>>> print(open('run.pdb').read())   # PDB, C-alpha atoms, pLDDT in the B column
ATOM      1  CA  PHE C 184      -8.688   4.516  -3.909  1.00 46.00           C
ATOM      2  CA  ALA C 185      -5.396   2.693  -4.070  1.00 48.00           C
ATOM      3  CA  ARG C 186      -3.951   2.438  -7.547  1.00 48.00           C
ATOM      4  CA  ILE C 187      -5.661  -0.450  -9.336  1.00 46.00           C
ATOM      5  CA  ARG C 188      -2.620  -1.680 -11.268  1.00 44.00           C
ATOM      6  CA  ASP C 189      -1.339  -3.620  -8.253  1.00 44.00           C
ATOM      7  CA  VAL C 190      -4.496  -4.870  -6.599  1.00 50.00           C
ATOM      8  CA  VAL C 191      -5.737  -7.705  -8.761  1.00 54.00           C
ATOM      9  CA  ALA C 192      -6.475 -10.428  -6.232  1.00 51.00           C
ATOM     10  CA  GLY C 193      -6.972 -13.763  -7.977  1.00 53.00           C
ATOM     11  CA  LYS C 194      -9.542 -13.148 -10.666  1.00 78.00           C
ATOM     12  CA  ARG C 195     -10.992 -10.134  -8.863  1.00 86.00           C
ATOM     13  CA  VAL C 196      -9.920  -6.532  -8.433  1.00 90.00           C
ATOM     14  CA  LEU C 197      -9.641  -5.325  -4.839  1.00 92.00           C
ATOM     15  CA  ILE C 198     -10.877  -1.740  -4.353  1.00 93.00           C
ATOM     16  CA  THR C 199      -9.957  -0.295  -0.968  1.00 95.00           C
ATOM     17  CA  GLY C 200     -10.787   2.878   0.924  1.00 94.00           C
ATOM     18  CA  GLY C 201     -10.623   6.377  -0.493  1.00 92.00           C
ATOM     19  CA  TYR C 202     -12.453   9.572   0.378  1.00 93.00           C
ATOM     20  CA  ILE C 203     -16.236   9.737   0.727  1.00 93.00           C
ATOM     21  CA  GLY C 204     -18.593  12.606   1.504  1.00 91.00           C
ATOM     22  CA  ALA C 205     -16.839  15.266  -0.578  1.00 85.00           C
ATOM     23  CA  ILE C 206     -18.621  18.634  -0.640  1.00 89.00           C
ATOM     24  CA  SER C 207     -17.333  21.619  -2.631  1.00 88.00           C
ATOM     25  CA  THR C 208     -13.654  22.049  -1.682  1.00 88.00           C
ATOM     26  CA  ASN C 209     -13.856  19.629   1.279  1.00 88.00           C
ATOM     27  CA  PRO C 210     -12.369  16.295   0.105  1.00 85.00           C
ATOM     28  CA  GLY C 211     -14.479  14.310   2.578  1.00 92.00           C
ATOM     29  CA  PHE C 212     -13.115  11.706   4.956  1.00 94.00           C
ATOM     30  CA  PRO C 213     -11.325   8.358   4.603  1.00 95.00           C
ATOM     31  CA  THR C 214     -13.337   5.141   4.562  1.00 95.00           C
ATOM     32  CA  ALA C 215     -12.575   1.521   5.457  1.00 96.00           C
ATOM     33  CA  THR C 216     -14.905   0.123   2.788  1.00 96.00           C
ATOM     34  CA  VAL C 217     -13.773  -2.602   0.408  1.00 95.00           C
ATOM     35  CA  GLU C 218     -15.273  -3.783  -2.855  1.00 94.00           C
ATOM     36  CA  LEU C 219     -14.380  -6.684  -5.126  1.00 91.00           C
ATOM     37  CA  PHE C 220     -14.862  -6.293  -8.881  1.00 91.00           C
ATOM     38  CA  ASP C 221     -15.191  -9.443 -10.998  1.00 87.00           C
ATOM     39  CA  PRO C 222     -14.210  -8.507 -14.581  1.00 85.00           C
ATOM     40  CA  GLN C 223     -15.727 -11.726 -15.971  1.00 84.00           C
ATOM     41  CA  THR C 224     -19.220 -11.016 -14.628  1.00 88.00           C
ATOM     42  CA  GLY C 225     -18.979  -7.234 -14.364  1.00 90.00           C
ATOM     43  CA  LEU C 226     -20.307  -7.433 -10.796  1.00 93.00           C
ATOM     44  CA  VAL C 227     -19.063  -5.440  -7.821  1.00 94.00           C
ATOM     45  CA  THR C 228     -19.647  -6.923  -4.382  1.00 94.00           C
ATOM     46  CA  ALA C 229     -18.893  -5.648  -0.902  1.00 96.00           C
ATOM     47  CA  GLY C 230     -15.792  -7.104   0.678  1.00 95.00           C
ATOM     48  CA  PRO C 231     -14.758  -7.253   4.311  1.00 97.00           C
ATOM     49  CA  PRO C 232     -13.838  -3.746   5.516  1.00 97.00           C
ATOM     50  CA  MET C 233     -10.295  -2.822   6.476  1.00 97.00           C
ATOM     51  CA  SER C 234      -9.725  -2.411  10.212  1.00 96.00           C
ATOM     52  CA  VAL C 235      -9.153   1.338   9.774  1.00 96.00           C
ATOM     53  CA  ALA C 236     -10.229   3.974   7.265  1.00 96.00           C
ATOM     54  CA  ARG C 237      -7.602   4.791   4.636  1.00 95.00           C
ATOM     55  CA  ALA C 238      -7.216   7.244   1.754  1.00 94.00           C
ATOM     56  CA  ASP C 239      -4.177   8.163  -0.339  1.00 93.00           C
ATOM     57  CA  HIS C 240      -2.794   4.736   0.598  1.00 95.00           C
ATOM     58  CA  THR C 241      -1.030   2.033  -1.397  1.00 95.00           C
ATOM     59  CA  ALA C 242      -2.035  -1.516  -2.266  1.00 94.00           C
ATOM     60  CA  SER C 243       0.751  -3.870  -3.344  1.00 94.00           C
ATOM     61  CA  ARG C 244       0.039  -7.310  -4.805  1.00 91.00           C
ATOM     62  CA  LEU C 245       2.472  -9.993  -3.722  1.00 91.00           C
ATOM     63  CA  PRO C 246       3.346 -12.799  -6.178  1.00 87.00           C
ATOM     64  CA  ASP C 247       1.318 -15.264  -4.067  1.00 87.00           C
ATOM     65  CA  GLY C 248      -1.829 -13.147  -4.591  1.00 88.00           C
ATOM     66  CA  ARG C 249      -1.995 -11.481  -1.185  1.00 92.00           C
ATOM     67  CA  VAL C 250      -2.312  -7.675  -1.152  1.00 94.00           C
ATOM     68  CA  VAL C 251      -0.504  -5.421   1.334  1.00 96.00           C
ATOM     69  CA  VAL C 252      -2.481  -2.222   2.002  1.00 97.00           C
ATOM     70  CA  SER C 253      -0.607   0.561   3.807  1.00 97.00           C
ATOM     71  CA  GLY C 254      -1.449   4.084   4.791  1.00 95.00           C
ATOM     72  CA  MET C 255      -2.098   6.426   7.679  1.00 93.00           C
ATOM     73  CA  THR C 256      -0.337   4.718  10.626  1.00 95.00           C
ATOM     74  CA  THR C 257      -1.027   1.048   9.905  1.00 97.00           C
ATOM     75  CA  TRP C 258      -0.971  -1.724   7.315  1.00 98.00           C
ATOM     76  CA  GLN C 259      -2.833  -4.991   6.698  1.00 97.00           C
ATOM     77  CA  VAL C 260      -2.635  -7.988   4.382  1.00 97.00           C
ATOM     78  CA  PHE C 261      -5.653  -9.141   2.340  1.00 96.00           C
ATOM     79  CA  ASP C 262      -5.830 -12.858   1.495  1.00 94.00           C
ATOM     80  CA  PRO C 263      -7.974 -13.417  -1.631  1.00 90.00           C
ATOM     81  CA  GLY C 264      -8.196 -17.149  -0.930  1.00 89.00           C
ATOM     82  CA  THR C 265     -10.051 -16.616   2.332  1.00 93.00           C
ATOM     83  CA  THR C 266     -11.366 -13.121   1.470  1.00 93.00           C
ATOM     84  CA  SER C 267     -10.094 -11.906   4.828  1.00 96.00           C
ATOM     85  CA  TRP C 268      -7.711  -9.368   6.352  1.00 97.00           C
ATOM     86  CA  SER C 269      -4.796  -9.932   8.692  1.00 96.00           C
ATOM     87  CA  THR C 270      -4.640  -8.065  11.952  1.00 94.00           C
ATOM     88  CA  ASN C 271      -3.616  -4.422  11.797  1.00 95.00           C
ATOM     89  CA  PHE C 272       0.161  -3.806  11.970  1.00 97.00           C
ATOM     90  CA  THR C 273       1.755  -0.506  13.007  1.00 96.00           C
ATOM     91  CA  MET C 274       4.031   1.392  10.635  1.00 96.00           C
ATOM     92  CA  GLN C 275       7.181   3.091  11.943  1.00 96.00           C
ATOM     93  CA  ARG C 276       6.144   6.406  10.346  1.00 95.00           C
ATOM     94  CA  ALA C 277       2.671   7.734   9.552  1.00 95.00           C
ATOM     95  CA  ARG C 278       2.352   8.337   5.813  1.00 94.00           C
ATOM     96  CA  ILE C 279      -0.119   8.957   2.987  1.00 94.00           C
ATOM     97  CA  ALA C 280       0.474   9.828  -0.675  1.00 93.00           C
ATOM     98  CA  HIS C 281       3.539   7.556  -0.595  1.00 95.00           C
ATOM     99  CA  ALA C 282       4.851   4.989  -3.064  1.00 95.00           C
ATOM    100  CA  ALA C 283       5.345   1.265  -2.546  1.00 96.00           C
ATOM    101  CA  ALA C 284       7.308  -1.459  -4.334  1.00 95.00           C
ATOM    102  CA  VAL C 285       7.303  -5.220  -3.776  1.00 93.00           C
ATOM    103  CA  LEU C 286      10.803  -6.618  -3.140  1.00 92.00           C
ATOM    104  CA  ALA C 287      11.962 -10.222  -3.280  1.00 76.00           C
ATOM    105  CA  ASP C 288      13.063 -11.246   0.193  1.00 70.00           C
ATOM    106  CA  HIS C 289      16.500 -12.784   0.293  1.00 64.00           C
ATOM    107  CA  ALA C 290      15.502 -14.786   3.383  1.00 66.00           C
ATOM    108  CA  GLY C 291      14.188 -17.554   1.154  1.00 70.00           C
ATOM    109  CA  PRO C 292      12.095 -18.428  -1.897  1.00 72.00           C
ATOM    110  CA  GLY C 293       8.527 -17.182  -1.842  1.00 74.00           C
ATOM    111  CA  LEU C 294       9.148 -14.575   0.845  1.00 84.00           C
ATOM    112  CA  TYR C 295       8.484 -10.983  -0.153  1.00 89.00           C
ATOM    113  CA  ARG C 296       8.661  -7.558   1.451  1.00 93.00           C
ATOM    114  CA  VAL C 297       7.130  -4.179   0.572  1.00 95.00           C
ATOM    115  CA  LEU C 298       9.217  -0.995   0.472  1.00 95.00           C
ATOM    116  CA  LEU C 299       7.339   2.185   1.449  1.00 96.00           C
ATOM    117  CA  ILE C 300       8.806   5.370   0.030  1.00 95.00           C
ATOM    118  CA  ALA C 301       8.371   8.895   1.384  1.00 93.00           C
ATOM    119  CA  GLY C 302       4.865  10.409   1.627  1.00 91.00           C
ATOM    120  CA  ALA C 303       3.106  13.117   3.588  1.00 91.00           C
ATOM    121  CA  GLY C 304       3.165  12.525   7.332  1.00 89.00           C
ATOM    122  CA  SER C 305       5.958  11.848   9.812  1.00 89.00           C
ATOM    123  CA  GLY C 306       8.347  10.223   7.320  1.00 83.00           C
ATOM    124  CA  PRO C 307       8.527  12.273   4.104  1.00 90.00           C
ATOM    125  CA  ASP C 308      12.205  11.414   3.493  1.00 91.00           C
ATOM    126  CA  THR C 309      12.171   7.856   4.876  1.00 93.00           C
ATOM    127  CA  LEU C 310      12.173   4.334   3.494  1.00 94.00           C
ATOM    128  CA  GLU C 311      10.387   1.600   5.444  1.00 96.00           C
ATOM    129  CA  ILE C 312      10.201  -2.132   4.765  1.00 95.00           C
ATOM    130  CA  LEU C 313       7.094  -4.157   5.648  1.00 96.00           C
ATOM    131  CA  ASP C 314       7.360  -7.925   6.095  1.00 94.00           C
ATOM    132  CA  PRO C 315       3.924  -9.482   5.515  1.00 94.00           C
ATOM    133  CA  ASP C 316       5.051 -12.900   6.749  1.00 91.00           C
ATOM    134  CA  THR C 317       6.083 -11.646  10.206  1.00 92.00           C
ATOM    135  CA  GLY C 318       3.888  -8.520  10.500  1.00 94.00           C
ATOM    136  CA  THR C 319       6.924  -6.350  11.208  1.00 95.00           C
ATOM    137  CA  SER C 320       8.252  -3.121   9.743  1.00 96.00           C
ATOM    138  CA  ALA C 321      11.644  -1.436   9.867  1.00 96.00           C
ATOM    139  CA  LEU C 322      12.954   1.973   8.918  1.00 96.00           C
ATOM    140  CA  GLN C 323      15.969   1.902   6.633  1.00 93.00           C
ATOM    141  CA  SER C 324      19.112   3.879   7.405  1.00 88.00           C
ATOM    142  CA  SER C 325      19.110   5.420   3.921  1.00 83.00           C
ATOM    143  CA  LEU C 326      17.081   8.591   3.508  1.00 85.00           C
ATOM    144  CA  LEU C 327      15.871  10.448   0.441  1.00 88.00           C
ATOM    145  CA  ASN C 328      17.629  13.762  -0.298  1.00 85.00           C
ATOM    146  CA  GLU C 329      14.437  15.617   0.617  1.00 83.00           C
ATOM    147  CA  GLY C 330      10.928  14.844   1.825  1.00 85.00           C
ATOM    148  CA  VAL C 331       8.412  14.239  -0.970  1.00 86.00           C
ATOM    149  CA  ASP C 332       4.899  12.954  -1.462  1.00 87.00           C
ATOM    150  CA  ASN C 333       2.914  11.855  -4.538  1.00 89.00           C
ATOM    151  CA  THR C 334       5.768   9.703  -5.838  1.00 88.00           C
ATOM    152  CA  ALA C 335       5.686   6.562  -7.945  1.00 90.00           C
ATOM    153  CA  ALA C 336       8.060   3.602  -7.790  1.00 91.00           C
ATOM    154  CA  GLY C 337       8.812   0.524  -9.818  1.00 88.00           C
ATOM    155  CA  LEU C 338      11.058  -2.482  -9.414  1.00 88.00           C
ATOM    156  CA  LEU C 339      13.756  -2.810 -12.082  1.00 88.00           C
ATOM    157  CA  ASP C 340      14.881  -6.205 -13.419  1.00 86.00           C
ATOM    158  CA  ASP C 341      18.124  -6.043 -11.428  1.00 86.00           C
ATOM    159  CA  GLY C 342      16.260  -5.522  -8.128  1.00 84.00           C
ATOM    160  CA  ARG C 343      16.820  -1.781  -7.789  1.00 88.00           C
ATOM    161  CA  VAL C 344      13.809   0.497  -7.218  1.00 90.00           C
ATOM    162  CA  LEU C 345      13.212   3.479  -9.497  1.00 89.00           C
ATOM    163  CA  ILE C 346      11.523   6.397  -7.702  1.00 88.00           C
ATOM    164  CA  VAL C 347      10.012   9.111  -9.901  1.00 88.00           C
ATOM    165  CA  GLY C 348       7.906  12.224  -9.521  1.00 81.00           C
ATOM    166  CA  GLY C 349       6.991  13.610  -6.197  1.00 81.00           C
ATOM    167  CA  GLN C 350       6.234  16.954  -4.732  1.00 81.00           C
ATOM    168  CA  SER C 351       8.700  18.583  -2.378  1.00 81.00           C
ATOM    169  CA  MET C 352       7.392  18.854   1.166  1.00 65.00           C
ATOM    170  CA  VAL C 353       9.446  22.054   1.535  1.00 66.00           C
ATOM    171  CA  THR C 354       8.595  23.986  -1.643  1.00 57.00           C
ATOM    172  CA  GLY C 355       5.155  22.464  -2.383  1.00 51.00           C
TER     173      GLY C 355
END
>>> encode(input="run.pdb", output="structure tokens")
Amino acid sequence: FARIRDVVAGKRVLITGGYIGAISTNPGFPTATVELFDPQTGLVTAGPPMSVARADHTASRLPDGRVVVSGMTTWQVFDPGTTSWSTNFTMQRARIAHAAAVLADHAGPGLYRVLLIAGAGSGPDTLEILDPDTGTSALQSSLLNEGVDNTAAGLLDDGRVLIVGGQSMVTG
């Protein structure tokens, strides 16, 4: 499942994907299932599925309530007002076990972007910015010193992004 801290959608918690069917040491396979948890009633209801199965993905809540879910080779935007998903957008690099941070977009008030950081896949040392308003993504020219996965990131008050943790893709 995506980390819950960023996926509160309105008054509900959006629970997306994860692994199902685990047996012994086999972790199972990714799922596209979605559930909505209402903390006021304690009820969990099925939500509309994502267009693709995802596990070890990120879910980033935008200030307007929308949630950007990214992982594997694609990303989508969930709108809690309509309880629906955008079309599926392609990422520049395939990645799982990555970090994400919501950035204020300097293109104008109310416009936000999501920074994807590292992760297992084809971009372990890359930074990629997703624009949920245009459905586009772009690799950044800056690279991390080495490829890592299992990182965490947070936005600092001055707009910089703090990246912590991670496991080297070279040394394991």
>>> closest_residue(input="run.pdb", among="C:Met255, C:Val250, C:Ile203, C:Ala238", to="C:Thr273", atoms="all atoms listed in the file")
C:Met255
>>> atom_distance(input="run.pdb", atom1="atom CA of C:Gly264", atom2="atom CA of C:Arg237")
22.6 Å
>>> resolve_selection(input="run.pdb", expression="the PyMOL selection byres ((chain C and resi 318) around 12)", output="list in words")
Val251, Thr257, Trp258, Gln259, Val260, Ser269, Thr270, Asn271, Phe272, Thr273, Met274, Tyr295, Arg296, Val297, Ile312, Leu313, Asp314, Pro315, Asp316, Thr317, Thr319, Ser320 and Ala321 of chain C
>>> closest_residue(input="run.pdb", among="C:Asp341, C:Ile279, C:Pro213, C:Gly230", to="C:Thr265", atoms="all atoms listed in the file")
C:Gly230
>>> closest_residue(input="run.pdb", among="C:Val235, C:Ser207, C:Val285, C:Thr199", to="C:Gly342", atoms="all atoms listed in the file")
C:Val285
>>> resolve_selection(input="run.pdb", expression="the PyMOL selection byres ((chain C and resi 239) around 8)", output="compact mmCIF listing (two decimals) with C-alpha atoms, in the frame of the given file")
# COMPACT_ATOMS: atom_id res chain seq x y z
CA PHE C 184 -8.69 4.52 -3.91
CA ALA C 185 -5.40 2.69 -4.07
CA GLY C 201 -10.62 6.38 -0.49
CA ARG C 237 -7.60 4.79 4.64
CA ALA C 238 -7.22 7.24 1.75
CA HIS C 240 -2.79 4.74 0.60
CA THR C 241 -1.03 2.03 -1.40
CA GLY C 254 -1.45 4.08 4.79
CA ILE C 279 -0.12 8.96 2.99
CA ALA C 280 0.47 9.83 -0.68
CA HIS C 281 3.54 7.56 -0.60
>>> residues_around(input="run.pdb", residues="C:Leu298", least_positions_apart="3", cutoff="6 Å", atoms="only C-alpha atoms", output="JSON, numbers by chain")
{"C": [283, 284, 311, 312]}
>>> atom_distance(input="run.pdb", atom1="atom CA of C:Gly302", atom2="atom CA of C:Ser351")
9.9 Å
>>> atom_distance(input="run.pdb", atom1="atom CA of C:Leu310", atom2="atom CA of C:Ala335")
13.3 Å
>>> residues_around(input="run.pdb", residues="C:Ile346", least_positions_apart="3", cutoff="7 Å", atoms="only C-alpha atoms", output="count of residues only")
4
>>> resolve_selection(input="run.pdb", expression="the PyMOL selection byres ((chain C and resi 222) around 12)", output="mmCIF file with C-alpha atoms, in the coordinates of the input")
data_model
loop_
_atom_site.group_PDB
_atom_site.id
_atom_site.type_symbol
_atom_site.label_atom_id
_atom_site.label_comp_id
_atom_site.auth_asym_id
_atom_site.auth_seq_id
_atom_site.Cartn_x
_atom_site.Cartn_y
_atom_site.Cartn_z
ATOM 1 C CA VAL C 191 -5.737 -7.705 -8.761
ATOM 2 C CA ALA C 192 -6.475 -10.428 -6.232
ATOM 3 C CA GLY C 193 -6.972 -13.763 -7.977
ATOM 4 C CA LYS C 194 -9.542 -13.148 -10.666
ATOM 5 C CA ARG C 195 -10.992 -10.134 -8.863
ATOM 6 C CA VAL C 196 -9.920 -6.532 -8.433
ATOM 7 C CA LEU C 197 -9.641 -5.325 -4.839
ATOM 8 C CA LEU C 219 -14.380 -6.684 -5.126
ATOM 9 C CA PHE C 220 -14.862 -6.293 -8.881
ATOM 10 C CA ASP C 221 -15.191 -9.443 -10.998
ATOM 11 C CA GLN C 223 -15.727 -11.726 -15.971
ATOM 12 C CA THR C 224 -19.220 -11.016 -14.628
ATOM 13 C CA GLY C 225 -18.979 -7.234 -14.364
ATOM 14 C CA LEU C 226 -20.307 -7.433 -10.796
ATOM 15 C CA VAL C 227 -19.063 -5.440 -7.821
ATOM 16 C CA THR C 228 -19.647 -6.923 -4.382
#
>>> closest_residue(input="run.pdb", among="C:Ser243, C:Arg278, C:Trp268, C:Pro232", to="C:Thr214", atoms="all atoms listed in the file")
C:Pro232
>>> axis_aligned_box(input="run.pdb", around="stretch 235-243 of chain C", padding_each_side="5 Å", output="AutoDock Vina command-line options")
--center_x -4.7 --center_y 2.1 --center_z 3.2 --size_x 21.0 --size_y 22.0 --size_z 23.1
>>> closest_residue(input="run.pdb", among="C:Ala282, C:Ala236, C:Ser305, C:Thr256", to="C:Leu338", atoms="all atoms listed in the file")
C:Ala282
>>> residues_near_point(input="run.pdb", point="(-3.2, -11.8, -2.7)", cutoff="6 Å", atoms="only C-alpha atoms", output="number ranges by chain")
C: 192, 244, 247-250, 262-263
>>> write_last_selection(input="run.pdb", atoms="C-alpha atoms", output="short mmCIF file (atom, residue, chain, number, x, y, z; two decimals), in the frame of the given file")
data_model
loop_
_atom_site.label_atom_id
_atom_site.label_comp_id
_atom_site.auth_asym_id
_atom_site.auth_seq_id
_atom_site.Cartn_x
_atom_site.Cartn_y
_atom_site.Cartn_z
CA ALA C 192 -6.48 -10.43 -6.23
CA ARG C 244 0.04 -7.31 -4.80
CA ASP C 247 1.32 -15.26 -4.07
CA GLY C 248 -1.83 -13.15 -4.59
CA ARG C 249 -2.00 -11.48 -1.18
CA VAL C 250 -2.31 -7.68 -1.15
CA ASP C 262 -5.83 -12.86 1.50
CA PRO C 263 -7.97 -13.42 -1.63
#
>>> closest_residue(input="run.pdb", among="C:Ala287, C:Ala301, C:Val252, C:Ile198", to="C:Ala229", atoms="only C-alpha atoms")
C:Ile198
